[in-house]
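Novice: So that we are looking at the same thing, I have put the structure below in structure tokens.
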Amino acid sequence: MGPKPAGGSSSGGAASKKRNVRSPAAAGDAFRQKRAKTFSARSIPAQPADAALKDGELDLQAFVSAHEFEIRSLEQSMATSKAVPRGLRRRTASHNPKRVPRRLRARAKREMAEDNTPMVEARKRKPRTTRARIRAETAKRLGILAARKRRKQLQLAEAAQQDGKEPIDEGVIGRKPRPKIRRNQLNDPPKPTAKFRKRQLSKTWLPTHPWHAKRARMTEPKNPLWRFAIPLTPNEKIYRPTHRSQGERGTMLWDMSYTSTIGLYGNPIGMERVLKRVGVSRETCWNDKGKRWRTGTRTWSGMMSREKDGGRRLLCPATVLWNPEQPGLEENENQRKVQRQVYLRVHPSAFLEVFNELLRLTKMENPRLYIEDLRFEIGSIELTGPASTEALLAVLTPYTAKDTPKSTHAQLFESLRGLTNPAALPANAVLHFSVQDPRLRYPPRKVAFPDDPQAQMGLLETMAKWPAEDGLEPSSLFDRDARHRASCLPSQKFINRRRGGAAPGSFLKPAKVDPPIPVILMASRLASSTQTQGTWTLLAPWKCILPMWYSMVHVPLVSGLNPRFAGMDETMQVAFERGLPWFPADYLGTDAGAEWELEQRRKRKREWERRPKSKRTEWSALDLGAGRKGEVGDGLSCDFELLFGLPRPQEDQTLSGDSASDDAGNAMDVDKAERQPAKQHDEPPSLKLLSPVSKATFDSLVASPALPPPALPNAILNVRISVLARGVATTCARIYRLPSTPSPAPISPSAEVPATMPPQDADSASLPHDLRSQWLARAPCCSTTASSNRSKRAKMAKPTDTEARKRLLARELIAPPAPYPPPAPNQGDIGGHPLVPDAKDLIGFVTTGSFCLSHGHGAAMGSVALEKVLADVRSDGKEGRLCIVRNAGENVGWIARWEVVI
């Protein structure tokens with residue numbers, strides 16, 4: 001046998017399939033070949049000039065051949081470059097050798113020198129436009145001012161060292177002067193830096209705006225909300241996580257610094273009269289039961305109001321907080337010399353209305369009281385959820401000076417380790433103390449919970465006793481100088497330098513340049529139930545909110561999560577799931593609620609008009625059955641003008657979106673109401689003529705049938721609606737009462753057969769006479785069938801034997817289905833659903849509605865007319881509170897029940 005070929009052996013075949021390993025010299029040759037190929041592709045071949053000469057003379061044929069070669073090379077290069085993808089084409093060469101790769105800078109400089117190309121630098125380029133020139137001149141002037149300031153600071157530091165004093169630390173160099181706070185006048189927002197000043201001409205940023213702007217959907221730049229840039233909702237999907245965080249595990253955070261703060265100062269006797277006139281008139285506030293509130297260890301939360309046309313007009317929900325008294329002041333005989341301080345926290349939509357009312361009332365007092373606008377002095381953060389206390393304990397470290405023990409409230413706060421619901425604390429509890437700069441202990445660490453039973457019993461004893469009155473001291477947050485010192489925090493650069501010199505993993509200790517930050521913690525809960533999660537509200541100086549926020553969003557919780565931040569949409573969701581009305585959307589009886597509803601009408605109309613005709617609801621074509629066509633009232637609004645016969649707003653007020661934004665933003669415009677007086681022919685919107693009735697007043701009217709209803713025009717009730725079966729109510733849904741049972745016709749003596757059909761009105765001649773019975777059969781609480789009775793008896797007599805239980809279960813499984821209520825005679829109209837009542841049975845509208853995750857069925861918040869429900873509730877309290885809810889643009893209604901909430 002002859003020798004096998006080299007490629008025939010298995011080893012040779014395997015070797016041939018392996019990748020060839022080249023030597024470094026071969027790799028260098030390949031690199032040079034690739035570079036040469038790239039260079040040739042980027043260059044156009046050309047003939048030298050000598051090719052057109054022959055014996056030193058021009059040869060015409062050679063000259064034409066040389067140019068023919070160059071033209072063909074140019075055409076070939078153009079065809080080749082056109083086939084190269086756009087992303088791989090070479091960019092235009094730079095005229096600055098510093099902007100090319102380092103390995104090509106020498107060649108770039110040589111080529112520029114050979115071609116006599118001028119070097120261009122961006123900082124030395126002459127501005128081409130007027131705007132660019134102005135910006136360049138402004139930057140130059142700012143640089144000169146900054147250099148002058150640095151030289152002055154260095155001179156001050158050198159002078160201090162020569163005098164033997166301690167050198168001025170860079171953490172406090174250039175401390176800004178204390179901002180001016182004018183009495184009895186509106187104050188200007190903080191002056192932003194020059195870089196962001198133009199962005200805040202018509203609005204003000206919250207302290208956490210740079211953080212939120214990257215992670216949340218903000219209000220439109222030219223259409224702010226209450227003159228603030230407010231985060232609406234996070235960029236991620238958060239509807240279900242919000243439901244879990246606020247009730248099951250974790251915690252939710254909100255920057256609520258847009259909530260306005262008003263300071264009231266003066267004699268306590270005059271302050272009591274003023275507070276009573278704005279709605280703080282509950283007897284429990286001014287007797288012995290309200291002593292804790294007046295000493296500053298509790299807050300008051302409720303609706304503020306003012307006098308109008310002999311009655312009371314609601315303003316907005318508010319929180320009133322007293323500064324704790326100095327020890328021994330309550331024993332002072334001369335009470336006229338005692339000065340107290342009160343903070344009122346109100347919603348920004350009603351701030352101007354509350355401020356003007358307080359200003360009017362304080363001018364009537366002697367000795368004179370005064371108020372201050374503290375909107376931009378005090379910020380706030382709200383936390384809710386089982387881990388809200390854990391997040392606060394991880395971030396807030398009480399500030400202790402040398403040879404000074406911790407305050408009583410600081411110790412009380414630290415003893416709350418293990419608390420999972422702020423609602424378990426005394427109602428409206430308040431804590432006053434000072435904390436360290438949270439940046440000194442960044443990043444925060446996980447809080448360890450005590451597992452021993454003694455610690456848990458100690459927590460229960462603390463909540464039961466709650467010794468907040470022991471060792472009470474005035475709050476530093478009420479002190480203007482303390483707020484300013486806390487606002488002058490060291491720079492982040494200075495903190496980082498200190499952290500670099502410390503041991504890894506250790507926290508920084510407070511130094512002289514680290515001022516204490518005064519804070520106030522307020523715990524709130526629902527007055528009706530303690531099962532719902534409570535809420536912590538943290539008050540701190542405006543400029544201290546951002547460092548606290550950075551630490552809170554990065555707290556590692558025991559559950560393995562981090563706190564979730566939320567926007568204004570989530571505040572509405574949490575209030576809705578807890579069965580609370582949200583201000584101002586659900587408070588149509590206030591001026592702020594009326595303005596909100598008018599603005600929402602404009603938005604809904606703009607959205608409706610943007611849709612094509614085939615995709616939007618045609619209100620006039622809606623079929624309500626029984627020959628009724630068209631929507632009841634305006635389908636895009638809560639049409640109380642139709643319900644009470646009020647005049648509708650003017651066309652220019654309804655369609656103008658700019659005027660609404662101006663009116664909503666006047667709360668922050670300094671003296672805007674004085675500079676732009678209202679025109680004589682302008683009238684307030686008709687929605688501002690609604691008069692809300694409180695729950696206490698309504699209960700007294702129901703309990704005393706002989707008591708006449710209050711003489712309030714257009715009285716409405718704020719109600720909570722629960723859908724009893726299927727169905728979900730949405731905003732602007734119509735609320736009907738149950739149709740009344742028609743009375744039987746009188747029997748005529750001349751008639752041979754008595755009348756069996758009751759007389760019907762002309763408006764409802766085509767409606768079924770048993771429409772009320774049809775709707776009552778839909779209510780689970782009113783329908784009793786034989787199967788339900790059998791199931792009840794089975795539950796009452798539950799067998800204990802296993803075999804008997806099996807037989808009972810088998811009997812229930814093979815039993816025929818329970819008989820459903822008989823189909824309505826209008827089955828051919830709307831698929832077997834009972835017809836909705838007529839417009840005369842309309843009692844109100846839904847302001848907020850959706851599927852409630854907390855209850856597992858549809859729910860809503862709305863307003864109903866008092867005069868249309870009072871008689872039904874008095875006659876039959878159970879059926880009188882049943883209603884029918886129908887969404888705007890739909891012809892199917894759902895049975896529901898309403899109850900008054902405020």
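Ordered as shown in the structure tokens, chains take letters A, B, and onward, while each chain numbers its residues from 1 and ligands are numbered from 1 in the order shown.
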Name all residues at most 7 Å from Asn267 (chain A) (count only C-alpha atoms; drop same-chain ones fewer than 4 positions away) and give them as a list in words.

Specialist: Met271, Arg336, Val338, Gln339 and Arg340 of chain A

Novice: Now that the selection is made, can you save its residues with C-alpha atoms as a PDB file, in the first residue's frame?

Specialist:
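Heads up, here's the output in out_15.pdb:
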```
ATOM      1  CA  MET A 271     -55.811  83.597  68.083  1.00  0.00           C
ATOM      2  CA  ARG A 336     -52.011  89.672  77.143  1.00  0.00           C
ATOM      3  CA  VAL A 338     -48.019  85.932  76.138  1.00  0.00           C
ATOM      4  CA  GLN A 339     -47.173  85.279  72.488  1.00  0.00           C
ATOM      5  CA  ARG A 340     -48.036  81.966  70.826  1.00  0.00           C
TER       6      ARG A 340
END
```

Novice: Could you write out, as a ChimeraX atom specification, all the residues of region 363-538 of chain A that DSSP marks as alpha helix (DSSP H)?

Specialist: /A:388-395,408-414,453-465,480-487,492-501

Novice: For Tyr550 (chain A), which of A:Pro780, A:Gly880, A:Pro438, A:Pro692 is the closest residue, counting only C-alpha atoms?

Specialist: A:Pro438

Novice: Could you name the residues that touch Arg601 (chain A) at 10 Å or less, counting only C-alpha atoms, but leaving out those on the same chain fewer than 5 positions away, as a list in words?

Specialist: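 The filter keeps Glu595, Trp596, Arg606, Glu607, Asp634, Gly635, Leu636, Ser637, Cys638, Thr654, Leu655 and Cys732 of chain A.
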
Novice: Could you name the residues that touch region 216-230 of chain A at 6 Å or less, counting only C-alpha atoms, but leaving out those on the same chain fewer than 3 positions away, as a list in words?

Specialist: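 Non-adjacent residues within range: Lys203, Thr204, Trp205, His212, Ala213, Thr233, Pro234, Asn235, Ala664 and Gly665 of chain A.
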
Novice: So what do you get for CA of Leu643 (chain A) versus CA of Leu712 (chain A), distance-wise?

Specialist: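 Computing the Euclidean distance for CA of Leu643 (chain A) and CA of Leu712 (chain A) yields 15.3 Å.
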
Novice: Excluding Arg772 (chain A) and any residue of its chain fewer than 4 positions from it, enumerate the residues within 7 Å of it, using only C-alpha atoms, and give them as a list in words.

Specialist: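 That gives Leu738, Pro739, Ser740, Thr741 and Leu776 of chain A.
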
Novice: Please identify which residues in region 228-283 of chain A DSSP calls strand (DSSP E or B) from the backbone, and express them as an MDAnalysis selection string.

Specialist: chainID A and resid 228:229 231:234 252:255 260:266

Novice: What lies within 8 Å of Thr397 (chain A) using only C-alpha atoms, ignoring chain neighbours under 4 positions off, as a CSV table (one decimal) with C-alpha atoms, in the first residue's frame?

Specialist:
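The result, written out as selection_0.csv:
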```csv
chain,number,residue,atom,x,y,z
A,393,LEU,CA,-35.9,55.3,61.8
A,435,VAL,CA,-31.9,65.4,63.6
A,436,GLN,CA,-28.4,65.2,62.0
A,438,PRO,CA,-28.7,62.5,56.7
```

Novice: Could you pull the residues within 12 Å of region 488-504 of chain A, counting only C-alpha atoms, minus those fewer than 2 positions along the same chain, as a PyMOL selection string?

Specialist: chain A and resi 169-179+436-443+481-486+506-517+541-547

Novice: Based on the selection just made, write C-alpha atoms of those residues as a PDB file, in the first residue's frame.

Specialist:
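New file out_29.pdb:
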```pdb
ATOM      1  CA  ASP A 169     -14.280  76.339  56.964  1.00  0.00           C
ATOM      2  CA  GLU A 170     -15.175  76.034  53.315  1.00  0.00           C
ATOM      3  CA  GLY A 171     -18.403  74.348  54.347  1.00  0.00           C
ATOM      4  CA  VAL A 172     -19.804  77.665  55.567  1.00  0.00           C
ATOM      5  CA  ILE A 173     -18.004  80.158  53.321  1.00  0.00           C
ATOM      6  CA  GLY A 174     -20.401  82.328  51.394  1.00  0.00           C
ATOM      7  CA  ARG A 175     -23.422  81.663  53.618  1.00  0.00           C
ATOM      8  CA  LYS A 176     -26.440  83.314  52.083  1.00  0.00           C
ATOM      9  CA  PRO A 177     -28.290  85.965  54.052  1.00  0.00           C
ATOM     10  CA  ARG A 178     -31.497  85.057  55.798  1.00  0.00           C
ATOM     11  CA  PRO A 179     -34.425  85.452  53.407  1.00  0.00           C
ATOM     12  CA  GLN A 436     -28.449  65.159  61.999  1.00  0.00           C
ATOM     13  CA  ASP A 437     -27.682  65.788  58.382  1.00  0.00           C
ATOM     14  CA  PRO A 438     -28.704  62.467  56.732  1.00  0.00           C
ATOM     15  CA  ARG A 439     -25.760  62.714  54.349  1.00  0.00           C
ATOM     16  CA  LEU A 440     -23.420  61.954  57.269  1.00  0.00           C
ATOM     17  CA  ARG A 441     -24.912  58.459  57.528  1.00  0.00           C
ATOM     18  CA  TYR A 442     -25.389  57.750  53.829  1.00  0.00           C
ATOM     19  CA  PRO A 443     -26.122  55.143  52.603  1.00  0.00           C
ATOM     20  CA  ASP A 481     -33.039  81.622  62.805  1.00  0.00           C
ATOM     21  CA  ALA A 482     -32.943  77.873  63.456  1.00  0.00           C
ATOM     22  CA  ARG A 483     -34.547  77.212  60.067  1.00  0.00           C
ATOM     23  CA  HIS A 484     -31.987  79.416  58.362  1.00  0.00           C
ATOM     24  CA  ARG A 485     -29.033  77.745  60.114  1.00  0.00           C
ATOM     25  CA  ALA A 486     -30.351  74.340  59.099  1.00  0.00           C
ATOM     26  CA  SER A 506     -18.030  54.133  59.208  1.00  0.00           C
ATOM     27  CA  PHE A 507     -20.388  57.051  59.593  1.00  0.00           C
ATOM     28  CA  LEU A 508     -19.281  60.660  59.914  1.00  0.00           C
ATOM     29  CA  LYS A 509     -19.704  62.423  63.220  1.00  0.00           C
ATOM     30  CA  PRO A 510     -21.393  65.843  63.296  1.00  0.00           C
ATOM     31  CA  ALA A 511     -18.935  68.747  63.346  1.00  0.00           C
ATOM     32  CA  LYS A 512     -19.366  72.446  63.995  1.00  0.00           C
ATOM     33  CA  VAL A 513     -20.281  73.021  60.362  1.00  0.00           C
ATOM     34  CA  ASP A 514     -23.154  70.503  60.567  1.00  0.00           C
ATOM     35  CA  PRO A 515     -26.157  72.345  62.007  1.00  0.00           C
ATOM     36  CA  PRO A 516     -29.066  70.500  63.626  1.00  0.00           C
ATOM     37  CA  ILE A 517     -32.122  70.145  61.400  1.00  0.00           C
ATOM     38  CA  PRO A 541     -36.865  73.353  56.347  1.00  0.00           C
ATOM     39  CA  TRP A 542     -37.397  73.683  52.588  1.00  0.00           C
ATOM     40  CA  LYS A 543     -33.728  73.202  51.641  1.00  0.00           C
ATOM     41  CA  CYS A 544     -33.335  70.146  53.882  1.00  0.00           C
ATOM     42  CA  ILE A 545     -35.953  68.100  52.044  1.00  0.00           C
ATOM     43  CA  LEU A 546     -33.645  67.019  49.196  1.00  0.00           C
ATOM     44  CA  PRO A 547     -30.896  65.350  51.320  1.00  0.00           C
TER      45      PRO A 547
END
```

Novice: For the atom pair CA of Pro45 (chain A) and CA of Arg72 (chain A), what is the interatomic distance in Å to one decimal place?

Specialist: 9.5 Å

Novice: What does the distance between CA of Thr251 (chain A) and CA of Leu416 (chain A) come to in Å, to one decimal place?

Specialist: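 Pair CA of Thr251 (chain A) / CA of Leu416 (chain A) returns 16.3 Å.
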